[in-house]
Amino acid sequence: MAARILHLSDLHMGRGEDLAPLTAVSELAARLEPELLVATGDMSHRGRAEQLERSAEIVRELGLPLLAVPGNHDIPYTFPARFTRTFEQWEHTYGETEPFYSSDALVVAGLNSVRPWRQQGGALDDDQLAALAARLRAAPEGAYRVVALHHHLAAPPRPARRKQPLDRRDHVLQALAEAGADLVIGGHVHQASVAERREFEALENGGQRALTIVLATVPGIGRPRPHRIGEARGVNFYAVEADALTVATHIWNGNEFAEVGRRTFPRG
């Protein structure tokens with residue numbers, strides 16, 4: 001069974017937004033016909049109610065089932081709200097911070113990697129990983145298992161200032177592998193990066209399924225700091241077939257989204 005996912009991230013609504021790429025996303029979605037839209041955080045720039053509500057209005061206008069997880073910009077920047085009402089506005093606007101989607105062909109589990117005391121870095125605790133494992137193991141037989149979070153697990157080509165990969169990355173990757181995850185997707189760094197785990201980490205159990213996890217980072221839609229070099233604006237499209245996953249990256253060129261990269265990975 002086939003499955004298709006459109007993945008966007010980092011709108012940074014409220015910080016010099018340019019809505020032209022979002023109009024083009026609608027046109028791209030109509031052409032690609034994904035069954036699910038995944039948004040991996042930083043939908044707002046300062047976690048304000050009006051910013052989150054505007055971003056939610058825009059992505060829901062695409063008319064697709066939506067799975068969204070928060071980013072580090074989606075929580076209050078003011079004290080004490082950052083610590084006392086960390087996800088209150090997110091939950092009011094988007095719903096739970098760790099949503100779940102399931103069909104016969106596809107399972108997508110959201111993880112909340114945001115921590116109020118971390119300005120840029122993210123983390124996952126063992127309770128979150130255990131709950132995720134239970135969800136993935138209960139997936140329909142043959143379904144493709146995707147994990148979505150804001151923070152990246154593989155470094156982008158150009159190191160992003162102060163944006164380190166998820167805390168305890170090796171531990172998290174092993175836990176995701178043991179839970180049966182096939183694909184892990186995120187944003188945060190405003191650059192595209194796609195790799196299999198075995199491309200950057202050599203393990204002794206090279207024949208095990210753990211090494212087939214694909215890690216995909218999507219560029220952001222918003223560009224809150226235009227002076228930064230190497231921050232593309234784009235989306236990823238994932239096409240899952242019976243025997244393979246294809247990841248296509250589409251970059252905004254000022255007029256439209258152009259496909260600039262395509263990689264195919266065998267399943268299993």
# chains A, B, ... in the order shown; residues from 1 in each chain; ligands from 1

$ residues_around --residues "Ala139 (chain A)" --least-positions-apart "6" --cutoff "12 Å" --atoms "only C-alpha atoms" --output "PyMOL selection string"
chain A and resi 100-109+132-133+145-146+179-181

$ write_last_selection --atoms "C-alpha atoms" --output "mmCIF file, in the first residue's frame"
data_model
loop_
_atom_site.group_PDB
_atom_site.id
_atom_site.type_symbol
_atom_site.label_atom_id
_atom_site.label_comp_id
_atom_site.auth_asym_id
_atom_site.auth_seq_id
_atom_site.Cartn_x
_atom_site.Cartn_y
_atom_site.Cartn_z
ATOM 1 C CA PHE A 100 -0.854 10.349 16.480
ATOM 2 C CA TYR A 101 -2.088 9.394 13.014
ATOM 3 C CA SER A 102 -2.859 5.894 11.788
ATOM 4 C CA SER A 103 -4.111 4.319 8.589
ATOM 5 C CA ASP A 104 -3.664 0.861 7.115
ATOM 6 C CA ALA A 105 -0.509 1.976 5.283
ATOM 7 C CA LEU A 106 0.913 4.653 7.547
ATOM 8 C CA VAL A 107 1.507 5.434 11.214
ATOM 9 C CA VAL A 108 2.902 8.820 12.285
ATOM 10 C CA ALA A 109 3.717 9.529 15.921
ATOM 11 C CA LEU A 132 6.187 5.876 21.510
ATOM 12 C CA ALA A 133 7.421 2.288 21.318
ATOM 13 C CA ARG A 145 6.225 3.964 10.854
ATOM 14 C CA VAL A 146 7.175 7.632 11.011
ATOM 15 C CA ALA A 179 10.612 0.467 18.494
ATOM 16 C CA GLY A 180 10.481 -0.165 14.747
ATOM 17 C CA ALA A 181 10.627 3.398 13.391
#

$ select_by_dssp --residues "region 113-170 of chain A" --states "strand (DSSP E)" --output "ChimeraX atom specification"
/A:144-148

$ residues_around --residues "Phe87 (chain A)" --least-positions-apart "5" --cutoff "12 Å" --atoms "only C-alpha atoms" --output "tab-separated table (two decimals) with C-alpha atoms, in the first residue's frame"
chain	number	residue	atom	x	y	z
A	47	GLY	CA	4.55	31.64	20.95
A	48	ARG	CA	1.85	34.32	21.05
A	49	ALA	CA	-1.79	33.40	20.68
A	52	LEU	CA	-0.18	30.40	16.59
A	69	VAL	CA	4.24	19.13	17.02
A	70	PRO	CA	5.60	22.23	18.81
A	71	GLY	CA	8.97	23.86	18.30
A	72	ASN	CA	11.09	25.90	20.67
A	73	HIS	CA	9.55	29.14	19.32
A	74	ASP	CA	6.01	27.94	20.06
A	75	ILE	CA	6.19	28.45	23.83
A	76	PRO	CA	6.03	31.76	25.73
A	77	TYR	CA	9.13	33.89	25.86
A	81	ALA	CA	4.54	31.82	31.59
A	82	ARG	CA	7.37	29.97	29.83
A	92	HIS	CA	-5.58	25.43	22.72
A	93	THR	CA	-4.67	26.04	19.07
A	94	TYR	CA	-3.24	22.79	17.72
A	95	GLY	CA	-4.26	20.19	20.29
A	96	GLU	CA	-2.00	17.71	22.03
A	97	THR	CA	1.77	18.06	21.85
A	98	GLU	CA	2.28	14.40	20.89
A	112	ASN	CA	7.46	16.86	21.88
A	114	VAL	CA	10.78	21.16	23.43
A	115	ARG	CA	12.05	21.98	26.91
A	116	PRO	CA	11.42	25.45	28.41

$ closest_residue --among "A:Ala239, A:Ala155, A:Ala175, A:Val184" --to "Pro34 (chain A)" --atoms "only C-alpha atoms"
A:Ala239

$ atom_distance --atom1 "CA of His7 (chain A)" --atom2 "CA of Tyr238 (chain A)"
7.9 Å

$ closest_residue --among "A:Val189, A:Leu6, A:Leu111, A:Ala20" --to "Leu64 (chain A)" --atoms "only C-alpha atoms"
A:Leu6

$ atom_distance --atom1 "CA of Leu215 (chain A)" --atom2 "CA of Asp182 (chain A)"
8.9 Å

$ atom_distance --atom1 "CA of Ser55 (chain A)" --atom2 "CA of His12 (chain A)"
8.4 Å

$ closest_residue --among "A:Pro21, A:Ala143, A:Glu196, A:Gly16" --to "Arg225 (chain A)" --atoms "only C-alpha atoms"
A:Gly16

$ closest_residue --among "A:Val194, A:Ala56, A:Ala242, A:Leu124" --to "Leu149 (chain A)" --atoms "only C-alpha atoms"
A:Leu124

$ closest_residue --among "A:Val59, A:Leu66, A:Ala123, A:Ala192" --to "Val172 (chain A)" --atoms "only C-alpha atoms"
A:Ala123

$ residues_around --residues "Pro165 (chain A)" --least-positions-apart "2" --cutoff "12 Å" --atoms "only C-alpha atoms" --output "PyMOL selection string"
chain A and resi 113+120-124+149-156+159-163+167-170+172-173+186-189+215+217

$ select_by_dssp --residues "region 57-209 of chain A" --states "helix (DSSP H, G or I)" --output "number ranges by chain"
A: 57-60, 72-74, 81-84, 88-94, 126-137, 169-179, 197-199, 209
